[in-house]
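Engineer: For reference, the file my_file.cif (mmCIF, C-alpha atoms) is included below:
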data_work
#
loop_
_atom_site.group_PDB
_atom_site.id
_atom_site.type_symbol
_atom_site.label_atom_id
_atom_site.label_comp_id
_atom_site.auth_asym_id
_atom_site.auth_seq_id
_atom_site.Cartn_x
_atom_site.Cartn_y
_atom_site.Cartn_z
ATOM 1 C CA MET A 1 81.484 129.952 108.594
ATOM 2 C CA PRO A 2 80.596 131.320 105.112
ATOM 3 C CA VAL A 3 78.182 128.907 103.478
ATOM 4 C CA PHE A 4 80.218 128.590 100.279
ATOM 5 C CA LEU A 5 83.363 127.559 102.165
ATOM 6 C CA SER A 6 81.450 125.282 104.492
ATOM 7 C CA ARG A 7 79.929 123.344 101.609
ATOM 8 C CA ASN A 8 82.816 123.352 99.172
ATOM 9 C CA LEU A 9 86.166 123.582 100.974
ATOM 10 C CA VAL A 10 86.958 119.861 100.757
ATOM 11 C CA ALA A 11 86.017 119.673 97.072
ATOM 12 C CA LEU A 12 87.934 122.884 96.289
ATOM 13 C CA VAL A 13 91.069 121.621 98.022
ATOM 14 C CA ALA A 14 90.821 118.286 96.183
ATOM 15 C CA ALA A 15 90.303 120.001 92.810
ATOM 16 C CA ALA A 16 93.141 122.475 93.390
ATOM 17 C CA SER A 17 95.484 119.666 94.410
ATOM 18 C CA VAL A 18 94.707 117.534 91.364
ATOM 19 C CA SER A 19 94.987 120.509 88.996
ATOM 20 C CA THR A 20 98.312 121.649 90.454
ATOM 21 C CA PHE A 21 99.789 118.162 90.347
ATOM 22 C CA ALA A 22 98.600 117.613 86.763
ATOM 23 C CA ALA A 23 100.152 120.900 85.630
ATOM 24 C CA VAL A 24 103.503 120.184 87.274
ATOM 25 C CA HIS A 25 103.479 116.594 86.006
ATOM 26 C CA GLN A 26 102.847 117.820 82.482
ATOM 27 C CA ALA A 27 105.693 120.316 82.798
ATOM 28 C CA GLY A 28 108.083 117.708 84.188
ATOM 29 C CA GLY A 29 108.456 119.526 87.504
ATOM 30 C CA PRO A 30 109.384 118.230 90.983
ATOM 31 C CA LEU A 31 106.382 116.136 92.008
ATOM 32 C CA GLU A 32 107.491 115.297 95.556
ATOM 33 C CA ILE A 33 107.933 118.973 96.366
ATOM 34 C CA VAL A 34 104.467 119.660 94.965
ATOM 35 C CA VAL A 35 102.910 117.016 97.228
ATOM 36 C CA LEU A 36 104.663 118.452 100.285
ATOM 37 C CA ALA A 37 103.687 121.998 99.348
ATOM 38 C CA LEU A 38 100.038 121.068 98.783
ATOM 39 C CA SER A 39 99.866 119.284 102.145
ATOM 40 C CA ALA A 40 101.600 122.065 104.076
ATOM 41 C CA THR A 41 99.477 124.762 102.438
ATOM 42 C CA THR A 42 96.247 122.935 103.271
ATOM 43 C CA LEU A 43 97.328 122.373 106.882
ATOM 44 C CA LEU A 44 98.194 126.052 107.225
ATOM 45 C CA LEU A 45 94.882 127.070 105.636
ATOM 46 C CA ALA A 46 92.931 124.840 108.029
ATOM 47 C CA SER A 47 94.870 126.192 111.021
ATOM 48 C CA VAL A 48 94.061 129.781 110.048
ATOM 49 C CA LEU A 49 90.408 129.172 109.235
ATOM 50 C CA GLU A 50 89.692 127.367 112.490
ATOM 51 C CA ARG A 51 90.855 130.452 114.382
ATOM 52 C CA PHE A 52 87.993 132.420 112.841
ATOM 53 C CA PHE A 53 85.336 129.759 112.151
ATOM 54 C CA PRO A 54 85.692 127.023 114.787
ATOM 55 C CA TYR A 55 83.237 124.157 114.958
ATOM 56 C CA ARG A 56 83.668 124.214 118.725
ATOM 57 C CA ALA A 57 85.388 127.262 120.189
ATOM 58 C CA VAL A 58 86.661 125.227 123.139
ATOM 59 C CA TRP A 59 88.687 123.049 120.770
ATOM 60 C CA ASN A 60 90.815 126.073 119.882
ATOM 61 C CA ARG A 61 92.091 126.183 123.463
ATOM 62 C CA SER A 62 94.939 123.906 124.464
ATOM 63 C CA SER A 63 94.150 121.318 127.105
ATOM 64 C CA GLY A 64 97.812 120.593 127.721
ATOM 65 C CA ASP A 65 98.106 118.594 124.485
ATOM 66 C CA THR A 66 99.716 121.126 122.141
ATOM 67 C CA ALA A 67 103.280 120.152 123.023
ATOM 68 C CA THR A 68 102.420 116.487 122.416
ATOM 69 C CA ASP A 69 100.979 117.291 119.004
ATOM 70 C CA TRP A 70 104.011 119.359 117.965
ATOM 71 C CA ALA A 71 106.448 116.706 119.214
ATOM 72 C CA SER A 72 104.598 114.050 117.253
ATOM 73 C CA ALA A 73 104.468 116.226 114.118
ATOM 74 C CA ALA A 74 108.218 116.903 114.289
ATOM 75 C CA THR A 75 108.989 113.210 114.801
ATOM 76 C CA MET A 76 106.741 112.121 111.951
ATOM 77 C CA VAL A 77 107.977 114.687 109.424
ATOM 78 C CA GLY A 78 111.625 114.817 110.449
ATOM 79 C CA VAL A 79 112.357 111.191 111.340
ATOM 80 C CA VAL A 80 109.670 108.631 110.497
ATOM 81 C CA GLU A 81 108.790 109.730 106.951
ATOM 82 C CA PRO A 82 112.429 109.950 105.763
ATOM 83 C CA LEU A 83 113.142 106.491 107.197
ATOM 84 C CA LEU A 84 110.082 105.018 105.496
ATOM 85 C CA LYS A 85 111.112 106.585 102.198
ATOM 86 C CA LEU A 86 114.524 104.937 102.563
ATOM 87 C CA LEU A 87 112.877 101.615 103.460
ATOM 88 C CA GLY A 88 110.674 101.812 100.381
ATOM 89 C CA THR A 89 113.630 102.559 98.119
ATOM 90 C CA LEU A 90 115.697 99.694 99.529
ATOM 91 C CA SER A 91 112.732 97.329 99.164
ATOM 92 C CA MET A 92 112.314 98.301 95.508
ATOM 93 C CA VAL A 93 115.999 97.675 94.838
ATOM 94 C CA ALA A 94 115.792 94.298 96.596
ATOM 95 C CA VAL A 95 112.823 93.219 94.455
ATOM 96 C CA TYR A 96 113.688 94.730 91.076
ATOM 97 C CA GLY A 97 117.445 95.272 91.279
ATOM 98 C CA HIS A 98 119.334 98.505 90.690
ATOM 99 C CA SER A 99 118.665 98.544 86.972
ATOM 100 C CA ARG A 100 114.893 98.085 87.231
ATOM 101 C CA ALA A 101 114.128 99.682 90.587
ATOM 102 C CA GLN A 102 111.478 101.865 88.994
ATOM 103 C CA GLY A 103 108.955 99.010 89.052
ATOM 104 C CA SER A 104 106.803 96.882 86.781
ATOM 105 C CA GLU A 105 106.856 97.672 83.064
ATOM 106 C CA TRP A 106 103.428 96.070 82.614
ATOM 107 C CA LEU A 107 101.732 98.186 85.269
ATOM 108 C CA GLN A 108 103.417 101.314 84.057
ATOM 109 C CA SER A 109 102.225 100.642 80.519
ATOM 110 C CA LEU A 110 98.622 101.109 81.677
ATOM 111 C CA PRO A 111 96.911 104.493 81.192
ATOM 112 C CA PHE A 112 98.133 106.851 83.908
ATOM 113 C CA VAL A 113 94.666 107.588 85.284
ATOM 114 C CA LEU A 114 93.969 103.859 85.605
ATOM 115 C CA GLN A 115 97.261 103.424 87.461
ATOM 116 C CA VAL A 116 96.276 106.148 89.922
ATOM 117 C CA VAL A 117 92.847 104.605 90.507
ATOM 118 C CA MET A 118 94.382 101.169 91.127
ATOM 119 C CA VAL A 119 96.994 102.653 93.470
ATOM 120 C CA ALA A 120 94.313 104.523 95.410
ATOM 121 C CA LEU A 121 92.108 101.445 95.794
ATOM 122 C CA LEU A 122 95.035 99.279 96.948
ATOM 123 C CA ILE A 123 96.559 101.766 99.388
ATOM 124 C CA GLU A 124 93.209 102.747 100.856
ATOM 125 C CA LEU A 125 92.274 99.083 101.325
ATOM 126 C CA GLY A 126 95.474 98.452 103.263
ATOM 127 C CA LYS A 127 94.988 101.542 105.386
ATOM 128 C CA TYR A 128 91.356 100.663 106.062
ATOM 129 C CA TRP A 129 92.132 97.201 107.423
ATOM 130 C CA SER A 130 95.188 98.350 109.330
ATOM 131 C CA HIS A 131 93.096 101.053 110.980
ATOM 132 C CA ARG A 132 90.225 98.712 111.729
ATOM 133 C CA LEU A 133 92.509 96.069 113.252
ATOM 134 C CA HIS A 134 94.117 98.729 115.431
ATOM 135 C CA HIS A 135 90.686 99.018 117.063
ATOM 136 C CA VAL A 136 90.391 95.251 117.589
ATOM 137 C CA PHE A 137 93.677 93.949 119.006
ATOM 138 C CA ARG A 138 94.831 95.407 122.297
ATOM 139 C CA PRO A 139 98.560 95.881 121.496
ATOM 140 C CA LEU A 140 97.616 97.628 118.242
ATOM 141 C CA TRP A 141 94.980 99.713 120.012
ATOM 142 C CA TRP A 142 97.605 100.777 122.543
ATOM 143 C CA LEU A 143 99.665 102.151 119.659
ATOM 144 C CA HIS A 144 96.667 103.835 118.081
ATOM 145 C CA ALA A 145 95.496 105.255 121.415
ATOM 146 C CA MET A 146 98.024 108.070 121.067
ATOM 147 C CA HIS A 147 96.016 109.354 118.117
ATOM 148 C CA HIS A 148 92.717 109.096 119.996
ATOM 149 C CA SER A 149 93.976 110.438 123.324
ATOM 150 C CA SER A 150 93.384 114.082 122.439
ATOM 151 C CA GLU A 151 90.102 115.370 123.863
ATOM 152 C CA ARG A 152 89.646 117.906 121.093
ATOM 153 C CA LEU A 153 89.966 117.895 117.312
ATOM 154 C CA TYR A 154 91.957 120.480 115.400
ATOM 155 C CA ALA A 155 94.188 120.514 112.327
ATOM 156 C CA LEU A 156 97.465 119.430 113.946
ATOM 157 C CA ASN A 157 95.863 116.258 115.394
ATOM 158 C CA ASN A 158 96.352 114.702 111.974
ATOM 159 C CA LEU A 159 100.062 114.276 112.745
ATOM 160 C CA ARG A 160 99.555 112.812 116.211
ATOM 161 C CA PHE A 161 100.576 109.174 115.692
ATOM 162 C CA HIS A 162 102.757 106.632 117.405
ATOM 163 C CA PRO A 163 105.648 105.978 114.963
ATOM 164 C CA LEU A 164 105.060 102.214 115.087
ATOM 165 C CA ASN A 165 101.397 102.768 114.202
ATOM 166 C CA HIS A 166 102.500 104.742 111.157
ATOM 167 C CA VAL A 167 105.111 102.141 110.183
ATOM 168 C CA ILE A 168 102.480 99.376 110.267
ATOM 169 C CA ASN A 169 100.124 101.463 108.132
ATOM 170 C CA PHE A 170 102.931 102.038 105.624
ATOM 171 C CA ALA A 171 103.867 98.351 105.557
ATOM 172 C CA VAL A 172 100.352 97.193 104.608
ATOM 173 C CA SER A 173 99.405 100.020 102.249
ATOM 174 C CA MET A 174 102.145 102.061 100.605
ATOM 175 C CA LEU A 175 104.801 99.340 100.546
ATOM 176 C CA PRO A 176 102.671 96.769 98.655
ATOM 177 C CA ALA A 177 101.874 99.378 95.996
ATOM 178 C CA MET A 178 105.571 100.101 95.631
ATOM 179 C CA LEU A 179 106.588 96.437 95.526
ATOM 180 C CA LEU A 180 103.943 95.588 92.942
ATOM 181 C CA GLY A 181 105.725 98.053 90.711
ATOM 182 C CA PHE A 182 103.377 101.002 90.266
ATOM 183 C CA SER A 183 105.203 104.069 89.030
ATOM 184 C CA SER A 184 106.340 106.662 91.549
ATOM 185 C CA GLU A 185 104.326 109.234 89.565
ATOM 186 C CA ALA A 186 101.090 107.256 90.090
ATOM 187 C CA ILE A 187 101.757 106.920 93.825
ATOM 188 C CA LEU A 188 102.586 110.624 94.097
ATOM 189 C CA ALA A 189 99.384 111.464 92.212
ATOM 190 C CA TYR A 190 97.414 109.538 94.837
ATOM 191 C CA LEU A 191 99.280 111.394 97.591
ATOM 192 C CA ALA A 192 98.692 114.741 95.902
ATOM 193 C CA LEU A 193 94.943 114.160 96.240
ATOM 194 C CA SER A 194 94.814 112.274 99.532
ATOM 195 C CA GLN A 195 97.254 114.227 101.698
ATOM 196 C CA PRO A 196 95.560 117.647 101.399
ATOM 197 C CA VAL A 197 92.204 115.985 102.123
ATOM 198 C CA LEU A 198 93.757 114.422 105.235
ATOM 199 C CA MET A 199 94.990 117.830 106.369
ATOM 200 C CA LEU A 200 91.326 118.858 106.709
ATOM 201 C CA GLN A 201 90.212 115.641 108.413
ATOM 202 C CA HIS A 202 90.745 116.850 111.994
ATOM 203 C CA ALA A 203 90.138 120.537 111.320
ATOM 204 C CA ASN A 204 87.997 122.353 113.882
ATOM 205 C CA LEU A 205 85.767 123.719 111.137
ATOM 206 C CA ASP A 206 82.001 123.536 110.637
ATOM 207 C CA LEU A 207 82.160 121.963 107.195
ATOM 208 C CA ARG A 208 78.948 120.663 105.630
ATOM 209 C CA SER A 209 80.465 118.841 102.670
ATOM 210 C CA GLY A 210 77.296 117.152 101.397
ATOM 211 C CA TRP A 211 78.048 114.794 98.499
ATOM 212 C CA ALA A 212 81.785 114.884 99.290
ATOM 213 C CA ASN A 213 81.048 112.912 102.473
ATOM 214 C CA TYR A 214 80.288 109.916 100.249
ATOM 215 C CA VAL A 215 83.698 110.184 98.552
ATOM 216 C CA PHE A 216 86.187 111.583 101.061
ATOM 217 C CA SER A 217 86.790 110.879 104.727
ATOM 218 C CA THR A 218 85.889 114.405 105.811
ATOM 219 C CA ASN A 219 86.056 115.982 109.245
ATOM 220 C CA GLU A 220 82.276 115.498 109.557
ATOM 221 C CA LEU A 221 82.693 111.754 109.255
ATOM 222 C CA HIS A 222 85.907 111.583 111.234
ATOM 223 C CA ARG A 223 84.375 113.223 114.306
ATOM 224 C CA TRP A 224 82.324 110.045 114.770
ATOM 225 C CA HIS A 225 85.500 108.008 114.661
ATOM 226 C CA HIS A 226 86.947 109.980 117.595
ATOM 227 C CA SER A 227 83.857 109.557 119.783
ATOM 228 C CA THR A 228 84.374 108.148 123.271
ATOM 229 C CA GLU A 229 81.456 105.780 122.573
ATOM 230 C CA CYS A 230 82.577 102.520 120.942
ATOM 231 C CA ALA A 231 79.348 102.154 118.988
ATOM 232 C CA GLU A 232 79.987 105.514 117.324
ATOM 233 C CA ALA A 233 83.775 105.326 116.991
ATOM 234 C CA ASP A 234 84.031 101.906 115.331
ATOM 235 C CA ALA A 235 83.154 103.464 111.999
ATOM 236 C CA ASN A 236 84.684 105.550 109.202
ATOM 237 C CA PHE A 237 88.072 103.820 109.209
ATOM 238 C CA GLY A 238 88.977 105.062 105.726
ATOM 239 C CA SER A 239 92.079 107.172 105.295
ATOM 240 C CA ALA A 240 91.386 109.885 102.716
ATOM 241 C CA PHE A 241 88.486 108.097 101.004
ATOM 242 C CA ILE A 242 85.398 106.440 102.444
ATOM 243 C CA LEU A 243 84.762 103.776 99.776
ATOM 244 C CA TRP A 244 85.881 100.767 101.791
ATOM 245 C CA ASP A 245 83.728 101.778 104.768
ATOM 246 C CA GLN A 246 80.731 101.681 102.470
ATOM 247 C CA VAL A 247 81.802 98.296 101.066
ATOM 248 C CA PHE A 248 82.400 96.723 104.502
ATOM 249 C CA GLY A 249 79.468 98.334 106.314
ATOM 250 C CA THR A 250 81.329 100.713 108.660
ATOM 251 C CA PHE A 251 80.179 103.981 107.060
ATOM 252 C CA ARG A 252 78.490 106.372 109.500
ATOM 253 C CA TYR A 253 76.972 109.683 108.386
ATOM 254 C CA GLN A 254 73.994 111.683 109.572
ATOM 255 C CA PRO A 255 73.348 114.682 107.291
ATOM 256 C CA GLY A 256 73.275 117.850 109.356
ATOM 257 C CA LYS A 257 74.162 116.152 112.643
ATOM 258 C CA ASN A 258 77.600 114.594 112.931
ATOM 259 C CA ASP A 259 78.315 115.632 116.467
ATOM 260 C CA PRO A 260 79.411 113.093 119.102
ATOM 261 C CA ALA A 261 78.964 114.343 122.641
ATOM 262 C CA GLN A 262 82.633 113.849 123.486
ATOM 263 C CA VAL A 263 85.848 112.883 121.704
ATOM 264 C CA GLY A 264 88.822 111.031 123.143
ATOM 265 C CA LEU A 265 89.663 107.552 124.369
ATOM 266 C CA PHE A 266 87.022 104.965 125.177
ATOM 267 C CA SER A 267 86.024 104.807 128.822
ATOM 268 C CA SER A 268 87.368 101.236 128.915
ATOM 269 C CA THR A 269 90.906 102.425 128.074
ATOM 270 C CA THR A 270 91.678 103.368 131.653
ATOM 271 C CA GLU A 271 95.362 102.422 131.902
ATOM 272 C CA TYR A 272 96.587 104.515 128.972
ATOM 273 C CA PRO A 273 98.443 107.746 130.011
ATOM 274 C CA ALA A 274 96.120 109.901 127.912
ATOM 275 C CA ARG A 275 97.108 113.240 129.432
ATOM 276 C CA ALA A 276 100.818 112.532 129.696
ATOM 277 C CA GLY A 277 103.416 114.038 127.376
ATOM 278 C CA TYR A 278 104.525 112.669 124.026
ATOM 279 C CA TRP A 279 107.508 110.661 125.273
ATOM 280 C CA THR A 280 105.507 109.045 128.071
ATOM 281 C CA GLN A 281 102.866 107.948 125.571
ATOM 282 C CA LEU A 282 105.545 106.827 123.134
ATOM 283 C CA LYS A 283 107.298 104.489 125.556
ATOM 284 C CA SER A 284 104.103 103.218 127.199
ATOM 285 C CA MET A 285 103.833 100.661 124.379
ATOM 286 C CA PHE A 286 106.829 98.869 125.850
ATOM 287 C CA LEU A 287 105.405 98.566 129.381
ATOM 288 C CA PRO A 288 103.560 95.411 130.569
ATOM 289 C CA GLU A 289 100.226 97.239 130.919
ATOM 290 C CA CYS A 290 99.893 97.578 127.171
ATOM 291 C CA CYS A 291 99.201 93.907 126.491
ATOM 292 C CA ARG A 292 97.107 92.853 129.446
ATOM 293 C CA ALA A 293 93.669 91.526 128.584
#
I'd like the structure from this file rewritten - as structure tokens, please.

Structural biologist:
Amino acid sequence: MPVFLSRNLVALVAAASVSTFAAVHQAGGPLEIVVLALSATTLLLASVLERFFPYRAVWNRSSGDTATDWASAATMVGVVEPLLKLLGTLSMVAVYGHSRAQGSEWLQSLPFVLQVVMVALLIELGKYWSHRLHHVFRPLWWLHAMHHSSERLYALNNLRFHPLNHVINFAVSMLPAMLLGFSSEAILAYLALSQPVLMLQHANLDLRSGWANYVFSTNELHRWHHSTECAEADANFGSAFILWDQVFGTFRYQPGKNDPAQVGLFSSTTEYPARAGYWTQLKSMFLPECCRA
């Protein structure tokens, strides 16, 4: 991969996302559409680049998991996200009433940049602990196992999630930020930066992001998290940012060598239907095997 892209792609995507959002925000344009466009463009860019500059060429070949990834992506984008948006709106109305459903006047009186920083810290903290607890408690791990069941990493893996896993993440991260009354613009600003970064997190690209690995949860760091070895995988739980891993001692980074021998489920997760299709994995949560000790 060209050295410039390898070292700077994550930072360039983050800078382009922030700049685009700021320009549209200043012009009073449609911010939600901008966030979606930035995310989709980054995912498409990663998908194209990994065809030409793969980190591991074998990861560009389907191992029978492509249909599962596409089914999950369609479910997440077409069903789960719209329902969560509706849930968030109804929750805001329930807390603030129809006339004040836009949130807290005090929080929204703060400087916009400070609002965005506070939103990012709060949402990332919720996502960090939700993610970490999904590795601790067996029923939660069974949900999260869908995400880890792929034995390769490539861009579309980012959308491979059990819907209930995603709902729990939303409930402990995005929803509190909404209910506290942060402005929708501040939350969208966080998403404008975080979502494009997430679209690169599973990319099959040989990125050497250097300093950005201490700020963002890059694909270098996230490869460790998908290791089949527990000692390696119980690290780097952060969503788009890696701050809380550094605070709570779960940050793992080895400059120049972030390469687990194998990715996928832990060897101890023997009952999970890792190579089954999307619907089999989806309903496995509701079978007795999921909660056995």

Engineer: List the residues selected by the PyMOL selection byres ((chain A and resi 158) around 9) in the file shown, writing them as a list in words.

Structural biologist: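 So the PyMOL selection byres ((chain A and resi 158) around 9) ends up selecting Asp69, Ala73, His147, Leu153, Tyr154, Ala155, Leu156, Asn157, Leu159, Arg160, Phe161, Leu198, Met199, Leu200, Gln201, His202 and Ala203 of chain A.
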
Engineer: Using all atoms listed in the file, which residues sit within 10 Å of Glu81 (chain A) once same-chain residues fewer than 4 positions away are excluded, as a PyMOL selection string?

Structural biologist: chain A and resi 75-77+85-87+163+166-167+170

Engineer: I would like the residues chosen by the PyMOL selection byres ((chain A and resi 113-117) around 9) on the shown file; could you give them as a ChimeraX atom specification?

Structural biologist: /A:107-112,118-122,182-183,185-190

Engineer: In Å, rounded to a single decimal, give me how far CA of Ser63 (chain A) is from CA of Leu38 (chain A).

Structural biologist: 28.9 Å

Engineer: To one decimal place in Å, what is the distance between CA of His225 (chain A) and CA of Phe237 (chain A)?

Structural biologist: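 It comes out at 7.3 Å.
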
Engineer: Which is closer to Leu180 (chain A) than all the others in A:Ser91, A:Ser149, A:Thr250, A:Asn213, using all atoms listed in the file?

Structural biologist: A:Ser91

Engineer: Starting from the PyMOL selection byres ((chain A and resi 229) around 10), expand the selection into actual residues of this file and give them as a PyMOL selection string.

Structural biologist: chain A and resi 224-228+230-234+260-268

Engineer: Which residues, written as an MDAnalysis selection string, have at least one atom at most 12 Å from Phe248 (chain A), with only C-alpha atoms counted and residues fewer than 5 positions away on the same chain left out?

Structural biologist: chainID A and resid 125 128:129 132 235:238 242:243

Engineer: Record the distance separating CA of Asp65 (chain A) and CA of Leu44 (chain A), expressed in Å with one decimal.

Structural biologist: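 The value is 18.8 Å.
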